[in-house]
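Trainee: I have a structure here, written as structure tokens, and I will follow up with some questions on it.
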Amino acid sequence: MPETLNPMVSREAWLEARTALLAQEKALTKRLDALRAERMKLPWVKVDKLYNFDTPGGPKTLADLFAGRSQLLVQHFMFAPDWDEGCVGCSLGADHIDGVLPHLENHDVKFTAVSRAPLGKLEAFKRRMGWRFDWISSGDTDFNADYGVAFRDGAGVYNYRAGQDLPDDLPGLSAFFRDADGTVYHTYSCYARGTEVAGGVFGLLDICPKGRNEAGNMTGWLRHHDRYDGAAHGCGCGSQGSVI
């Protein structure tokens with residue numbers, strides 16, 4: 001008989017164990033519903049600083065990025081100016097976006113990815129990966145640093161905690177609101193494992209027999225979707241697992 005990872009039981013015993021687990025899952029779902037309600041109550045911060053982004057349509061401000069919608073979701077995509085390609089973990093999240101874009105945009109939400117790398121590099125990598133979502137460059141503006149995903153001299157505050165030996169770039173998601181008179185507010189940001197909300201693959205792996213099957217962190221198995229022939233990624237983000 002082949003070796004199994006878990007005990008083998010009868011169908012009746014399995015149903016008993018599964019039903020007990022279901023009670024915990026339902027409790028977690030209710031707790032998550034309550035947490036979402038608390039998130040909706042967070043205060044907002046007015047964005048007074050002017051940021052100018054480099055986009056395929058020319059320079060744009062943060063207010064311009066809403067494209068007529070009242071909500072903006074920004075993926076802080078790790079792609080430092082001197083990297084040859086985008087972060088493999090951020091790319092995993094980005095792989096999920098194109099399919100949900102019509103649903104977001106028809107639900108009053110505009111999505112865009114923002115990175116510090118020059119627009120030319122972003123456009124080239126976007127073509128390689130076959131993505132359609134908007135991806136723009138924040139260049140040398142303060143945007144990434146102000147929203148907690150870019151660091152100088154290896155020190156700063158990431159995921160609301162002070163840290164040392166931080167890489168130049170780290171991942172995050174930020175939400176913004178624009179009111180009728182054009183005023184923009186920062187409403188939410190999450191970092192590290194909080195960004196897993198962009199990666200539906202994790203939920204699917206979580207119900208597989210081996211789960212996420214990671215040794216330490218996801219950079220051990222993850223590749224850009226065109227690199228599962230075993231080629232290593234060269235994005236410079238391999239150390240992020242120790243941070244997040």
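Naming works like this for the structure tokens: A, B, ... for the chains as they're shown, residue 1 at the start of each chain, ligands 1 onward in shown order.
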Which neighbours of range 102-115 of chain A fall inside 10 Å, counting only C-alpha atoms, when residues of the same chain fewer than 2 positions from it are skipped, and could you give them as number ranges by chain?

Mentor: A: 53-55, 65-81, 86, 90, 94, 97-100, 117-119, 122, 133-139, 143-144, 149-150, 169, 171, 173, 175-177

Trainee: Would you output that residue set with N, CA and C atoms, as a short mmCIF file (atom, residue, chain, number, x, y, z; two decimals), in the first residue's frame?

Mentor:
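Output below, filename selection.cif:
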data_model
loop_
_atom_site.label_atom_id
_atom_site.label_comp_id
_atom_site.auth_asym_id
_atom_site.auth_seq_id
_atom_site.Cartn_x
_atom_site.Cartn_y
_atom_site.Cartn_z
N PHE A 53 2.46 60.58 -12.57
CA PHE A 53 2.82 59.25 -13.04
C PHE A 53 3.07 59.27 -14.54
N ASP A 54 3.98 58.42 -14.97
CA ASP A 54 4.26 58.25 -16.39
C ASP A 54 3.39 57.11 -16.91
N THR A 55 2.49 57.40 -17.84
CA THR A 55 1.55 56.41 -18.35
C THR A 55 1.62 56.39 -19.88
N LEU A 65 -6.13 58.86 -12.42
CA LEU A 65 -6.10 57.40 -12.56
C LEU A 65 -7.47 56.76 -12.34
N PHE A 66 -8.41 57.48 -11.73
CA PHE A 66 -9.73 56.91 -11.45
C PHE A 66 -10.54 56.69 -12.73
N ALA A 67 -10.20 57.40 -13.79
CA ALA A 67 -10.85 57.22 -15.09
C ALA A 67 -12.38 57.27 -14.98
N GLY A 68 -12.88 58.25 -14.24
CA GLY A 68 -14.32 58.44 -14.13
C GLY A 68 -15.01 57.63 -13.05
N ARG A 69 -14.26 56.83 -12.32
CA ARG A 69 -14.85 56.03 -11.24
C ARG A 69 -14.52 56.67 -9.89
N SER A 70 -15.23 56.25 -8.86
CA SER A 70 -15.02 56.85 -7.55
C SER A 70 -14.02 56.07 -6.71
N GLN A 71 -13.67 54.86 -7.14
CA GLN A 71 -12.75 54.02 -6.36
C GLN A 71 -11.57 53.60 -7.22
N LEU A 72 -10.41 53.57 -6.59
CA LEU A 72 -9.18 53.17 -7.28
C LEU A 72 -8.46 52.14 -6.42
N LEU A 73 -8.08 51.04 -7.04
CA LEU A 73 -7.30 50.01 -6.37
C LEU A 73 -5.93 49.94 -7.03
N VAL A 74 -4.89 50.16 -6.23
CA VAL A 74 -3.51 50.18 -6.74
C VAL A 74 -2.76 48.95 -6.25
N GLN A 75 -2.21 48.20 -7.20
CA GLN A 75 -1.26 47.15 -6.83
C GLN A 75 0.13 47.76 -6.84
N HIS A 76 0.78 47.79 -5.68
CA HIS A 76 2.17 48.24 -5.60
C HIS A 76 3.03 47.07 -6.06
N PHE A 77 3.34 47.08 -7.33
CA PHE A 77 4.01 45.97 -8.00
C PHE A 77 5.52 46.15 -7.86
N MET A 78 6.19 45.18 -7.26
CA MET A 78 7.64 45.25 -7.07
C MET A 78 8.37 45.16 -8.42
N PHE A 79 8.92 46.28 -8.83
CA PHE A 79 9.73 46.32 -10.05
C PHE A 79 10.64 47.52 -9.91
N ALA A 80 11.82 47.30 -9.33
CA ALA A 80 12.77 48.38 -9.10
C ALA A 80 13.36 48.85 -10.44
N PRO A 81 13.83 50.06 -10.50
CA PRO A 81 14.32 50.61 -11.78
C PRO A 81 15.43 49.80 -12.43
N GLY A 86 9.59 41.96 -13.53
CA GLY A 86 8.83 42.20 -12.32
C GLY A 86 8.91 41.05 -11.33
N CYS A 90 4.45 39.26 -7.18
CA CYS A 90 3.51 40.25 -7.69
C CYS A 90 2.92 39.81 -9.02
N ALA A 94 -0.90 39.46 -10.30
CA ALA A 94 -1.31 40.13 -11.53
C ALA A 94 -1.94 39.17 -12.52
N ILE A 97 -5.74 39.32 -12.54
CA ILE A 97 -6.47 40.58 -12.65
C ILE A 97 -7.30 40.71 -13.93
N ASP A 98 -6.74 40.33 -15.06
CA ASP A 98 -7.45 40.60 -16.31
C ASP A 98 -8.85 39.99 -16.33
N GLY A 99 -9.01 38.81 -15.77
CA GLY A 99 -10.32 38.16 -15.78
C GLY A 99 -11.37 38.89 -14.97
N VAL A 100 -10.93 39.60 -13.92
CA VAL A 100 -11.91 40.30 -13.06
C VAL A 100 -12.05 41.77 -13.42
N ALA A 117 9.94 51.22 -11.77
CA ALA A 117 10.71 51.03 -12.99
C ALA A 117 10.21 51.95 -14.10
N PRO A 118 11.06 52.27 -15.06
CA PRO A 118 10.64 53.11 -16.18
C PRO A 118 9.49 52.48 -16.96
N LEU A 119 8.66 53.30 -17.56
CA LEU A 119 7.49 52.81 -18.27
C LEU A 119 7.87 51.82 -19.38
N LEU A 122 8.18 48.42 -17.96
CA LEU A 122 6.87 47.88 -17.56
C LEU A 122 6.09 47.42 -18.79
N PHE A 133 -4.23 44.89 -18.05
CA PHE A 133 -4.54 45.94 -17.08
C PHE A 133 -3.56 47.11 -17.20
N ASP A 134 -3.97 48.26 -16.68
CA ASP A 134 -3.11 49.45 -16.70
C ASP A 134 -1.92 49.25 -15.76
N TRP A 135 -0.76 49.66 -16.24
CA TRP A 135 0.47 49.57 -15.44
C TRP A 135 1.27 50.82 -15.72
N ILE A 136 1.56 51.58 -14.69
CA ILE A 136 2.19 52.88 -14.86
C ILE A 136 3.40 53.01 -13.95
N SER A 137 4.23 54.00 -14.28
CA SER A 137 5.47 54.22 -13.52
C SER A 137 5.33 55.43 -12.60
N SER A 138 5.74 55.21 -11.36
CA SER A 138 5.81 56.33 -10.41
C SER A 138 7.18 56.99 -10.44
N GLY A 139 8.12 56.37 -11.18
CA GLY A 139 9.44 56.95 -11.38
C GLY A 139 10.13 57.33 -10.08
N PHE A 143 5.67 58.51 -4.27
CA PHE A 143 4.45 57.71 -4.11
C PHE A 143 4.71 56.38 -3.41
N ASN A 144 5.68 55.62 -3.90
CA ASN A 144 5.94 54.30 -3.31
C ASN A 144 6.43 54.40 -1.88
N VAL A 149 6.01 51.11 0.46
CA VAL A 149 6.50 49.96 -0.31
C VAL A 149 7.86 50.21 -0.96
N ALA A 150 8.50 51.33 -0.68
CA ALA A 150 9.84 51.60 -1.19
C ALA A 150 10.69 52.16 -0.06
N ASP A 169 12.19 47.56 -2.81
CA ASP A 169 10.77 47.50 -3.08
C ASP A 169 10.13 46.33 -2.35
N PRO A 171 5.84 44.48 -1.75
CA PRO A 171 4.50 44.51 -2.33
C PRO A 171 3.46 45.13 -1.41
N LEU A 173 -1.08 46.63 -1.52
CA LEU A 173 -2.30 47.03 -2.21
C LEU A 173 -2.86 48.24 -1.48
N ALA A 175 -6.10 51.32 -1.52
CA ALA A 175 -7.39 51.74 -2.05
C ALA A 175 -7.57 53.24 -1.82
N PHE A 176 -8.19 53.89 -2.80
CA PHE A 176 -8.42 55.32 -2.75
C PHE A 176 -9.86 55.63 -3.18
N PHE A 177 -10.37 56.77 -2.72
CA PHE A 177 -11.71 57.24 -3.09
C PHE A 177 -11.60 58.65 -3.63
#

Trainee: From a backbone DSSP assignment, name each residue in range 34-80 of chain A labelled strand (DSSP E), as a ChimeraX atom specification.

Mentor: /A:45-46,52-55,58-61,71-76

Trainee: Take the selection from the previous step and output its residues with C-alpha atoms, as a PDB file, in the first residue's frame.

Mentor:
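Okay, selection00.pdb is ready:
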ATOM      1  CA  VAL A  45      -6.916  60.488   4.873  1.00  0.00           C
ATOM      2  CA  LYS A  46      -7.094  63.321   2.350  1.00  0.00           C
ATOM      3  CA  ASN A  52       2.736  62.688 -11.435  1.00  0.00           C
ATOM      4  CA  PHE A  53       2.823  59.253 -13.042  1.00  0.00           C
ATOM      5  CA  ASP A  54       4.259  58.251 -16.392  1.00  0.00           C
ATOM      6  CA  THR A  55       1.551  56.411 -18.354  1.00  0.00           C
ATOM      7  CA  GLY A  58       1.077  60.764 -20.995  1.00  0.00           C
ATOM      8  CA  PRO A  59       1.598  62.248 -17.500  1.00  0.00           C
ATOM      9  CA  LYS A  60      -1.296  61.718 -15.095  1.00  0.00           C
ATOM     10  CA  THR A  61      -2.050  62.624 -11.501  1.00  0.00           C
ATOM     11  CA  GLN A  71     -12.753  54.016  -6.358  1.00  0.00           C
ATOM     12  CA  LEU A  72      -9.180  53.170  -7.275  1.00  0.00           C
ATOM     13  CA  LEU A  73      -7.299  50.005  -6.374  1.00  0.00           C
ATOM     14  CA  VAL A  74      -3.514  50.180  -6.739  1.00  0.00           C
ATOM     15  CA  GLN A  75      -1.265  47.155  -6.829  1.00  0.00           C
ATOM     16  CA  HIS A  76       2.168  48.237  -5.596  1.00  0.00           C
TER      17      HIS A  76
END

Trainee: Between A:Asp168, A:Asp95, A:Lys26, A:Gly199, which one has atoms that come closest to Arg132 in chain A, using only C-alpha atoms?

Mentor: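 Once distances to Arg132 in chain A are computed over only C-alpha atoms, the minimum belongs to A:Asp95.
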
Trainee: Write out as a Markdown table the residues of range 84-157 of chain A that have any atom within 8 Å of an atom of range 210-227 of chain A, one row each with the nearest atom pair and its distance in Å to one decimal, counting only C-alpha atoms, sorted by chain and then rising number.

Mentor:
| residue | atom | partner | partner_atom | distance |
| --- | --- | --- | --- | --- |
| A:Val88 | CA | A:His224 | CA | 5.6 |
| A:Gly89 | CA | A:Thr219 | CA | 7.4 |
| A:Ser91 | CA | A:His224 | CA | 6.6 |
| A:Leu92 | CA | A:His224 | CA | 7.2 |
| A:Met129 | CA | A:Asp226 | CA | 7.4 |

Trainee: Pick out the closest residue to Phe151 in chain A from this set: A:Ala192, A:Asp64, A:Arg116, A:Ser174. Count only C-alpha atoms.

Mentor: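 The shortest atom-to-atom distance to Phe151 in chain A comes from A:Arg116.
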